[in-house]
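Student: Below is the structure I would like to discuss, written out as C-alpha cells.
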Amino acid sequence: MTQIGPYFYIIKHKPTGKLYAGCRWASGCSQEELLKKDGYQTSSNTIKFLIKRDGLDSFDIKEIKSEADCGMP
C-alpha cells in the first residue's frame with residue numbers, strides 16, 4: 001500500500017554502515033519515491049555526493065514511518 005503524505009526515513013550506506021535519517025513533507029509526496037532514480041533522493045548534500053560516487057544501490061532503506069505511524073492525526 002502506498003502511503004501518500006509526509007514521512008520520516010532512515011537509510012543505511014552499505015559500504016560504510018552509516019545511518020542517515022531524514023523526512024520528506026511535500027504536497028503529494030509518497031514513501032515509494034524514496035531513493036528511486038527519478039524519485040526523491042534526500043536533500044542532504046552528503047547523501048547526494050555518496051549517491052553520485054557509489055550509486056543508489058549503495059543505500060538500503062531501513063525504516064519509513066508515516067505521520068499516522070507516529071501518532072499524528
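If you're wondering about the labels, chains in the C-alpha cells are A, B, ... by order shown, residues count from 1 in each chain, ligands from 1 in order shown.
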Could you pull out the residues in chain A that DSSP calls strand (DSSP E) from the backbone, as number ranges by chain?
Tutor: A: 7-13, 19-24, 59-66
Student: I'd like the contact shell of Ile4 (chain A) - 10 Å cut-off, only C-alpha atoms, skipping same-chain residues fewer than 6 positions apart - returned as a list of chain:residue names.
Tutor: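 Skipping anything fewer than 6 positions along the chain leaves A:Trp25, A:Ala26, A:Ser27, A:Gly28, A:Cys29, A:Ser30, A:Gln31, A:Glu32, A:Ser66, A:Glu67.
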Student: Could you write out the selected residues, including all heavy atoms, as a compact mmCIF listing (two decimals), in the first residue's frame?
Tutor:
```txt
# COMPACT_ATOMS: atom_id res chain seq x y z
N TRP A 25 8.33 16.20 3.37
CA TRP A 25 6.97 16.73 3.53
C TRP A 25 6.65 17.67 2.38
O TRP A 25 6.72 18.87 2.47
CB TRP A 25 6.79 17.42 4.88
CG TRP A 25 7.60 18.65 5.08
CD1 TRP A 25 7.26 19.93 4.74
CD2 TRP A 25 8.91 18.75 5.63
NE1 TRP A 25 8.27 20.81 5.05
CE2 TRP A 25 9.30 20.10 5.61
CE3 TRP A 25 9.80 17.82 6.14
CZ2 TRP A 25 10.53 20.54 6.07
CZ3 TRP A 25 11.02 18.26 6.61
CH2 TRP A 25 11.35 19.59 6.57
N ALA A 26 6.33 17.11 1.27
CA ALA A 26 5.94 17.88 0.09
C ALA A 26 4.52 17.47 -0.29
O ALA A 26 4.09 16.36 -0.01
CB ALA A 26 6.89 17.61 -1.07
N SER A 27 3.82 18.36 -0.92
CA SER A 27 2.46 18.06 -1.34
C SER A 27 2.45 16.85 -2.26
O SER A 27 3.16 16.80 -3.26
CB SER A 27 1.88 19.27 -2.08
OG SER A 27 0.58 19.00 -2.54
N GLY A 28 1.68 15.85 -1.89
CA GLY A 28 1.55 14.65 -2.71
C GLY A 28 2.74 13.71 -2.69
O GLY A 28 2.84 12.82 -3.52
N CYS A 29 3.66 13.89 -1.75
CA CYS A 29 4.84 13.01 -1.72
C CYS A 29 4.42 11.60 -1.30
O CYS A 29 3.39 11.39 -0.67
CB CYS A 29 5.92 13.56 -0.80
SG CYS A 29 5.50 13.66 0.94
N SER A 30 5.23 10.64 -1.69
CA SER A 30 4.93 9.23 -1.43
C SER A 30 6.17 8.52 -0.94
O SER A 30 7.28 8.76 -1.44
CB SER A 30 4.43 8.57 -2.71
OG SER A 30 4.43 7.17 -2.58
N GLN A 31 6.01 7.62 0.00
CA GLN A 31 7.12 6.83 0.51
C GLN A 31 7.80 6.03 -0.59
O GLN A 31 8.99 5.75 -0.51
CB GLN A 31 6.63 5.88 1.59
CG GLN A 31 6.12 6.57 2.82
CD GLN A 31 5.56 5.60 3.83
OE1 GLN A 31 5.64 4.39 3.67
NE2 GLN A 31 4.95 6.13 4.88
N GLU A 32 7.05 5.67 -1.61
CA GLU A 32 7.61 4.84 -2.68
C GLU A 32 8.57 5.59 -3.59
O GLU A 32 9.25 4.98 -4.39
CB GLU A 32 6.47 4.20 -3.47
CG GLU A 32 5.74 3.18 -2.63
CD GLU A 32 4.81 2.31 -3.43
OE1 GLU A 32 4.88 2.32 -4.66
OE2 GLU A 32 4.00 1.62 -2.79
N SER A 66 5.17 6.92 8.42
CA SER A 66 4.24 7.98 8.00
C SER A 66 3.79 8.77 9.22
O SER A 66 4.08 8.39 10.36
CB SER A 66 3.03 7.37 7.30
OG SER A 66 2.24 6.67 8.24
N GLU A 67 3.08 9.85 8.98
CA GLU A 67 2.51 10.62 10.09
C GLU A 67 1.63 9.73 10.94
O GLU A 67 1.68 9.79 12.18
CB GLU A 67 1.67 11.78 9.56
CG GLU A 67 2.47 12.97 9.13
CD GLU A 67 1.56 14.11 8.72
OE1 GLU A 67 0.66 13.90 7.90
OE2 GLU A 67 1.80 15.22 9.22
```
Student: Quick one: everything within 9 Å of Glu63 (chain A), counting only C-alpha atoms, minus sequence neighbours fewer than 3 positions away in the same chain. Send it as a ChimeraX atom specification.
Tutor: /A:8-11
Student: Using only C-alpha atoms, determine which residues lie at most 12 Å from Gly17 (chain A), disregarding the query and same-chain residues fewer than 6 positions distant; provide the list as a PyMOL selection string.
Tutor: chain A and resi 11+58-60+62
Student: Taking 3 positions as the minimum chain separation for residues in the same chain, which residues sit within 12 Å of Leu56 (chain A) when counting only C-alpha atoms? Answer as a list in words.
Tutor: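 Skipping anything fewer than 3 positions along the chain leaves Ile11, Lys12, His13, Lys14, Pro15, Leu34, Leu35, Lys36, Lys37, Asp38, Gly39, Tyr40, Gln41, Thr42, Ile47, Lys48, Phe49, Leu50, Ile51, Lys52, Arg53, Phe59, Asp60 and Ile61 of chain A.
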